[in-house]
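A.B. asks: This is the structure, below, for whatever I ask next.
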Amino acid sequence: MDFTYPPELDTFRAEIRSWLEQHLTGEFLELGNGEDLGADTWPLRCRWEQEMGAGGWIGLEWPTAYGGREVSAMESLVFAEEYARASGPTRAGTFGEGLIGPTLVHFGSDIQKERFLGPILRGEEIWCQGFSEPGAGSDLAGLATKARLEGDQWVIDGQKVWTSQAHLSEWIFVLARTDGAAAKHKGISFFLVPLDQPGIEIRPLVDMLGDQHFCEVFFDGATTAADMIVGEPGDGWKIAMATLGFERGTAFVGQLKKFATELDIVIGLARERGLTSDPVMRQRLAQSHIGLELMRFGLFRTVTSVVRYGRPGPEASIGKLQWSKWHQELTELCTDILGAEATLDHHHTTGLLHDLQHSFLFARSQTIYAGSSEVQHNIIGERVLGLPKD
Ligand SMILES: Cc1cc2nc3c(=O)[nH]c(=O)nc-3n(C[C@H](O)[C@H](O)[C@H](O)COP(=O)(O)OP(=O)(O)OC[C@H]3O[C@@H](n4cnc5c(N)ncnc54)[C@H](O)[C@@H]3O)c2cc1C
């Protein structure tokens, strides 16, 4: 296998590096690339989004007709590598750039493209994803939120939950049932809904980290204009599956870089505490290193699929299973190395101990979001191994 990059990517890499050196400085650099998207740093994060938009670094893969740069999967990988290398801040606009933007490019009306794509590319409007409900997570098609057309607007009633950054966003894309009589997957529609209105109540949930990462969102006669449905009534399931399929694997590049840094820190802690002569500890550290290398090669495999077939394929589930489990094991190992010290963190503190404990606790959610481990096993069983459906 040849892991060298084609030389023509060097110019693009140099362009990215030079822009980041000039713009990712001072308070932007201090934002860091942690998972913690607290309300206190949110305005600065949004300013960074606008800085990136002004530099033309949002929507790189989008067609030029809609303001993107139509870069290749390899160029996208190079951008992700450089952004991670420079410790670029965790993005406020992920849902806009990564999910609803590409959805509107493919399925949106001219009015929707005109209205929404520009503000996403300029980092001016922040989106969140309203799919999960109290009774519908893995079984998303079981959702109960309803929408009906009344005159020139859709009226929405129901509840979403675990909606990341809803309390910090301007718009939400929502799946709602528009035909109760149709088959489960058929009666669902896809809506674009403004969050700032009397029919919507957003209640942030405090997670076990003490953070307000996600929310409950209540729709009680919430409204959106009649032309804010994406596709036709009943197209929602098909469009939502496409939305979830736009992930091209390159988002994992940044995470891999963070994992490598974390592993280095854990090895350093083990050395400091004289634990590297312990055979069990050595074995666990070596396993973590091997796991990291396997994930790195898995990433190249995913990107190769994207270059060849335009999408990551169901094998991406293997990667999701691998990294979420690996990260839980690494953070457990770190906690074992720290011993009693690991219990001393408080969520208002800062510093290395806080970051490591934050990572340990946040890793619990990683086998749940973006498809739980059990669901990934089902996908691998059915679509990779060709086993009968469960
Ligand atoms: C940090 C975080 C952020 C999130 N952000 C968002 C967001 O922004 N927007 C959004 O819409 N949602 C979001 N979610 C919700 C997430 O998509 C759901 O939690 C996930 O889909 C699982 O659904 P659930 O929580 O209802 O669990 P359930 O589906 O009820 O699952 C409960 C358990 O049963 C298992 N299970 C379920 N079905 C099967 C099956 N067929 N076979 C075997 N086992 C099964 C699951 O693996 C799990 O262990 C977020 C979740 C987290 C943790």
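The way I read the labels, and the way they are meant: chains A, B, ... in the order of the structure tokens, residue 1 as the first residue of every chain, and ligand 1 as the first ligand shown, with later ones counted on from there.
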Excluding same-chain residues fewer than 2 positions from Asp264 of chain A, what lies within 12 Å of it counting only C-alpha atoms, as a list of chain:residue names?

C.D. replies: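 Close residues of Asp264 of chain A: A:Lys257, A:Lys258, A:Phe259, A:Ala260, A:Thr261, A:Glu262, A:Val266, A:Ile267, A:Gly268, A:Leu269, A:Ala270, A:Arg271, A:Leu285, A:Ala286, A:Ser288, A:His289, A:Leu292, A:Leu330, A:Cys334.
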
A.B. asks: Need to verify the contact set: segment 79-89 of chain A, 6 Å, only C-alpha atoms, exclusion of same-chain residues closer than 2 positions in sequence. Can you return it as a ChimeraX atom specification?

C.D. replies: /A:31-33,76-77,91,254

A.B. asks: Let me see the file: selected residues, C-alpha atoms, as a CSV table (one decimal), in the first residue's frame.

C.D. replies:
```
chain,number,residue,atom,x,y,z
A,31,LEU,CA,-10.5,28.0,22.3
A,32,GLY,CA,-8.9,24.6,21.8
A,33,ASN,CA,-10.4,21.5,20.3
A,76,SER,CA,-10.9,17.5,2.1
A,77,LEU,CA,-8.7,15.1,4.0
A,91,ARG,CA,-16.7,24.0,15.2
A,254,GLY,CA,-9.4,15.7,14.0
```

A.B. asks: Taking only C-alpha atoms and all ligand atoms into account, list the residues no farther than 9 Å from ligand 1, as number ranges by chain.

C.D. replies: A: 95, 128-140, 160-166, 174, 207, 213-215, 362, 364-378, 390

A.B. asks: Selected residues, N, CA and C atoms, written as a short mmCIF file (atom, residue, chain, number, x, y, z; two decimals), in the first residue's frame, please.

C.D. replies:
```
data_model
loop_
_atom_site.label_atom_id
_atom_site.label_comp_id
_atom_site.auth_asym_id
_atom_site.auth_seq_id
_atom_site.Cartn_x
_atom_site.Cartn_y
_atom_site.Cartn_z
N PHE A 95 -23.31 21.12 12.32
CA PHE A 95 -24.59 20.60 11.80
C PHE A 95 -24.99 21.31 10.50
N CYS A 128 -29.23 23.08 14.49
CA CYS A 128 -29.17 21.86 15.28
C CYS A 128 -30.09 20.82 14.65
N GLN A 129 -29.93 19.56 15.14
CA GLN A 129 -30.60 18.42 14.50
C GLN A 129 -31.70 17.86 15.39
N GLY A 130 -32.95 17.98 14.96
CA GLY A 130 -34.09 17.52 15.76
C GLY A 130 -34.64 16.20 15.24
N PHE A 131 -33.92 15.11 15.48
CA PHE A 131 -34.39 13.79 15.06
C PHE A 131 -34.91 12.99 16.26
N SER A 132 -34.03 12.74 17.28
CA SER A 132 -34.38 11.83 18.38
C SER A 132 -35.53 12.36 19.23
N GLU A 133 -36.32 11.41 19.73
CA GLU A 133 -37.44 11.74 20.63
C GLU A 133 -37.38 10.80 21.84
N PRO A 134 -38.17 11.10 22.88
CA PRO A 134 -38.13 10.20 24.04
C PRO A 134 -38.44 8.74 23.68
N GLY A 135 -39.31 8.53 22.69
CA GLY A 135 -39.65 7.14 22.32
C GLY A 135 -39.05 6.73 20.99
N ALA A 136 -38.13 7.48 20.45
CA ALA A 136 -37.58 7.16 19.13
C ALA A 136 -36.13 7.62 19.02
N GLY A 137 -35.21 6.65 19.21
CA GLY A 137 -33.77 6.94 19.06
C GLY A 137 -33.22 6.03 17.98
N SER A 138 -32.81 4.81 18.40
CA SER A 138 -32.35 3.83 17.42
C SER A 138 -33.48 3.53 16.44
N ASP A 139 -34.69 3.41 16.96
CA ASP A 139 -35.86 3.19 16.11
C ASP A 139 -36.45 4.55 15.73
N LEU A 140 -35.69 5.29 14.93
CA LEU A 140 -36.05 6.68 14.61
C LEU A 140 -37.41 6.78 13.91
N LYS A 160 -38.69 16.75 20.96
CA LYS A 160 -37.39 16.17 20.61
C LYS A 160 -36.53 16.13 21.88
N VAL A 161 -35.51 15.27 21.86
CA VAL A 161 -34.63 15.20 23.04
C VAL A 161 -33.21 14.91 22.59
N TRP A 162 -32.27 15.21 23.45
CA TRP A 162 -30.83 15.07 23.20
C TRP A 162 -30.39 15.97 22.04
N THR A 163 -31.10 17.08 21.83
CA THR A 163 -30.78 17.95 20.69
C THR A 163 -29.56 18.79 21.05
N SER A 164 -28.39 18.40 20.50
CA SER A 164 -27.14 19.11 20.83
C SER A 164 -27.25 20.57 20.41
N GLN A 165 -26.76 21.44 21.25
CA GLN A 165 -26.65 22.90 21.06
C GLN A 165 -27.94 23.59 20.59
N ALA A 166 -29.12 23.02 20.92
CA ALA A 166 -30.39 23.67 20.51
C ALA A 166 -30.50 25.05 21.15
N VAL A 174 -36.12 19.28 11.45
CA VAL A 174 -37.01 18.45 12.26
C VAL A 174 -37.67 17.37 11.39
N ASP A 207 -25.73 17.43 31.77
CA ASP A 207 -25.23 16.04 31.69
C ASP A 207 -24.32 15.75 32.88
N HIS A 213 -24.90 20.40 27.21
CA HIS A 213 -24.51 20.05 25.84
C HIS A 213 -25.74 19.89 24.95
N PHE A 214 -26.75 19.21 25.49
CA PHE A 214 -27.95 18.97 24.68
C PHE A 214 -29.21 19.36 25.43
N CYS A 215 -30.36 19.31 24.73
CA CYS A 215 -31.60 19.90 25.26
C CYS A 215 -32.81 19.03 24.94
N PHE A 362 -17.09 11.93 29.06
CA PHE A 362 -17.71 12.15 27.74
C PHE A 362 -17.64 10.87 26.89
N ARG A 364 -18.30 8.02 27.68
CA ARG A 364 -19.47 7.15 27.92
C ARG A 364 -20.52 7.35 26.84
N SER A 365 -20.63 8.60 26.34
CA SER A 365 -21.69 8.88 25.37
C SER A 365 -21.31 8.44 23.96
N GLN A 366 -20.03 8.13 23.77
CA GLN A 366 -19.57 7.90 22.39
C GLN A 366 -20.05 6.57 21.81
N THR A 367 -20.40 5.61 22.70
CA THR A 367 -20.97 4.36 22.18
C THR A 367 -22.48 4.48 22.00
N ILE A 368 -23.02 5.71 22.20
CA ILE A 368 -24.47 5.91 22.04
C ILE A 368 -24.76 6.82 20.84
N TYR A 369 -24.14 8.03 20.81
CA TYR A 369 -24.54 8.97 19.74
C TYR A 369 -24.03 8.52 18.38
N ALA A 370 -24.65 9.07 17.35
CA ALA A 370 -24.35 8.69 15.96
C ALA A 370 -24.50 7.18 15.74
N GLY A 371 -25.47 6.58 16.42
CA GLY A 371 -25.73 5.15 16.25
C GLY A 371 -25.02 4.34 17.33
N SER A 372 -25.81 3.71 18.23
CA SER A 372 -25.21 2.98 19.36
C SER A 372 -24.41 1.77 18.86
N SER A 373 -23.57 1.23 19.75
CA SER A 373 -22.72 0.09 19.36
C SER A 373 -23.57 -1.10 18.89
N GLU A 374 -24.69 -1.34 19.60
CA GLU A 374 -25.54 -2.49 19.21
C GLU A 374 -26.08 -2.29 17.79
N VAL A 375 -26.46 -1.05 17.49
CA VAL A 375 -26.98 -0.76 16.15
C VAL A 375 -25.88 -0.92 15.11
N GLN A 376 -24.64 -0.50 15.46
CA GLN A 376 -23.52 -0.69 14.53
C GLN A 376 -23.28 -2.19 14.28
N HIS A 377 -23.40 -3.00 15.36
CA HIS A 377 -23.24 -4.45 15.18
C HIS A 377 -24.28 -4.98 14.20
N ASN A 378 -25.53 -4.49 14.34
CA ASN A 378 -26.58 -4.93 13.41
C ASN A 378 -26.24 -4.57 11.97
N ASP A 390 -32.26 -8.80 11.98
CA ASP A 390 -32.64 -9.20 13.35
C ASP A 390 -34.15 -9.10 13.55
#
```

A.B. asks: Within segment 150-345 of chain A, find each residue whose DSSP state, derived from the backbone, is alpha helix (DSSP H), and express the selection as a PyMOL selection string.

C.D. replies: chain A and resi 236-244+251-272+279-309+316-338

A.B. asks: Enter the distance from atom CA of Pro63 of chain A to atom CA of Glu97 of chain A, in Å, rounded to one decimal.

C.D. replies: 12.7 Å

A.B. asks: List as a list in words the protein and nucleic acid residues near Asp157 of chain A, meaning an atom at most 10 Å away when only C-alpha atoms are counted, but skip any in the same chain fewer than 2 places from it.

C.D. replies: Ala144, Thr145, Lys146, Ala147, Arg148, Val155, Gln159, Ala176, Arg177, Gly199, Ile200, Phe218, Phe219, Asp220, Gly221, Ala222 and Thr223 of chain A

A.B. asks: Can you tell me how far atom CA of Thr302 of chain A sits from atom CA of Ile318 of chain A, in Å to one decimal?

C.D. replies: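 Going from atom CA of Thr302 of chain A over to atom CA of Ile318 of chain A, I get 10.2 Å.
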
A.B. asks: Write out as a list in words which residues come within 8 Å of Gly101 of chain A when counting only C-alpha atoms, dropping same-chain ones fewer than 3 positions away.

C.D. replies: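 Selected residues are Gly96, Glu97, Gly98, Leu104, Val105, Phe116, Leu117 and Ile120 of chain A.
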
A.B. asks: Could you take the residues named above and write them with N, CA and C atoms, as an mmCIF file, in the first residue's frame?

C.D. replies:
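After the write, selection-v7.cif holds the following:
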```cif
data_model
loop_
_atom_site.group_PDB
_atom_site.id
_atom_site.type_symbol
_atom_site.label_atom_id
_atom_site.label_comp_id
_atom_site.auth_asym_id
_atom_site.auth_seq_id
_atom_site.Cartn_x
_atom_site.Cartn_y
_atom_site.Cartn_z
ATOM 1 N N GLY A 96 -24.630 22.595 10.396
ATOM 2 C CA GLY A 96 -24.960 23.344 9.184
ATOM 3 C C GLY A 96 -24.112 22.882 8.015
ATOM 4 N N GLU A 97 -22.801 22.900 8.224
ATOM 5 C CA GLU A 97 -21.891 22.548 7.126
ATOM 6 C C GLU A 97 -21.974 21.064 6.764
ATOM 7 N N GLY A 98 -22.058 20.214 7.808
ATOM 8 C CA GLY A 98 -21.938 18.779 7.557
ATOM 9 C C GLY A 98 -23.246 18.079 7.242
ATOM 10 N N LEU A 104 -29.647 20.303 1.750
ATOM 11 C CA LEU A 104 -30.331 21.311 0.917
ATOM 12 C C LEU A 104 -29.728 21.369 -0.486
ATOM 13 N N VAL A 105 -28.411 21.181 -0.578
ATOM 14 C CA VAL A 105 -27.789 21.147 -1.913
ATOM 15 C C VAL A 105 -28.459 20.060 -2.757
ATOM 16 N N PHE A 116 -30.672 29.674 2.775
ATOM 17 C CA PHE A 116 -29.895 29.096 3.876
ATOM 18 C C PHE A 116 -28.418 28.818 3.592
ATOM 19 N N LEU A 117 -28.069 28.518 2.324
ATOM 20 C CA LEU A 117 -26.688 28.070 2.093
ATOM 21 C C LEU A 117 -25.667 29.177 2.353
ATOM 22 N N ILE A 120 -24.843 29.730 6.043
ATOM 23 C CA ILE A 120 -24.014 28.641 6.603
ATOM 24 C C ILE A 120 -22.557 28.852 6.162
#
```

A.B. asks: Out of segment 133-239 of chain A, which residues get strand (DSSP E) from DSSP, as a compact mmCIF listing (two decimals) with C-alpha atoms, in the first residue's frame?

C.D. replies:
```
# COMPACT_ATOMS: atom_id res chain seq x y z
CA LYS A 146 -46.69 15.66 14.21
CA ALA A 147 -47.00 18.43 11.62
CA ARG A 148 -50.09 19.64 9.74
CA LEU A 149 -50.52 22.26 7.04
CA GLU A 150 -52.78 25.15 8.11
CA GLN A 153 -47.79 27.42 7.43
CA TRP A 154 -46.95 24.06 9.00
CA VAL A 155 -47.99 23.65 12.63
CA ILE A 156 -45.82 21.30 14.69
CA ASP A 157 -46.58 19.54 18.00
CA GLY A 158 -44.37 17.09 19.87
CA GLN A 159 -41.00 16.75 21.57
CA LYS A 160 -37.39 16.17 20.61
CA VAL A 161 -34.63 15.20 23.04
CA TRP A 162 -30.83 15.07 23.20
CA THR A 163 -30.78 17.95 20.69
CA SER A 164 -27.14 19.11 20.83
CA TRP A 171 -32.59 26.93 13.24
CA ILE A 172 -33.49 23.27 13.71
CA PHE A 173 -34.15 20.62 11.07
CA VAL A 174 -37.01 18.45 12.26
CA LEU A 175 -38.52 15.11 11.32
CA ALA A 176 -42.28 15.04 11.94
CA ARG A 177 -45.16 12.75 11.01
CA ILE A 188 -42.58 11.32 7.82
CA SER A 189 -41.60 14.77 6.47
CA PHE A 190 -38.50 16.96 6.86
CA PHE A 191 -38.88 20.58 8.03
CA LEU A 192 -36.72 23.67 8.55
CA VAL A 193 -37.93 25.49 11.65
CA PRO A 194 -36.82 28.78 13.29
CA ILE A 200 -40.96 26.33 20.96
CA GLU A 201 -39.56 25.81 24.42
CA ILE A 202 -35.95 24.71 24.82
CA ARG A 203 -34.85 23.16 28.11
CA PRO A 204 -31.11 22.44 28.36
CA LEU A 205 -30.27 19.16 30.09
CA PHE A 214 -27.95 18.97 24.68
CA CYS A 215 -31.60 19.90 25.26
CA GLU A 216 -35.22 18.89 25.27
CA VAL A 217 -37.12 20.84 22.60
CA PHE A 218 -40.90 21.12 22.99
CA PHE A 219 -43.12 22.05 20.03
CA ASP A 220 -46.53 23.32 21.07
CA GLY A 221 -48.20 24.81 18.01
CA ALA A 222 -44.78 25.80 16.62
CA THR A 223 -44.91 27.09 13.07
CA THR A 224 -42.82 27.28 9.96
CA ALA A 225 -43.74 28.63 6.51
CA ILE A 229 -40.65 21.50 3.99
CA VAL A 230 -37.69 19.80 2.26
```
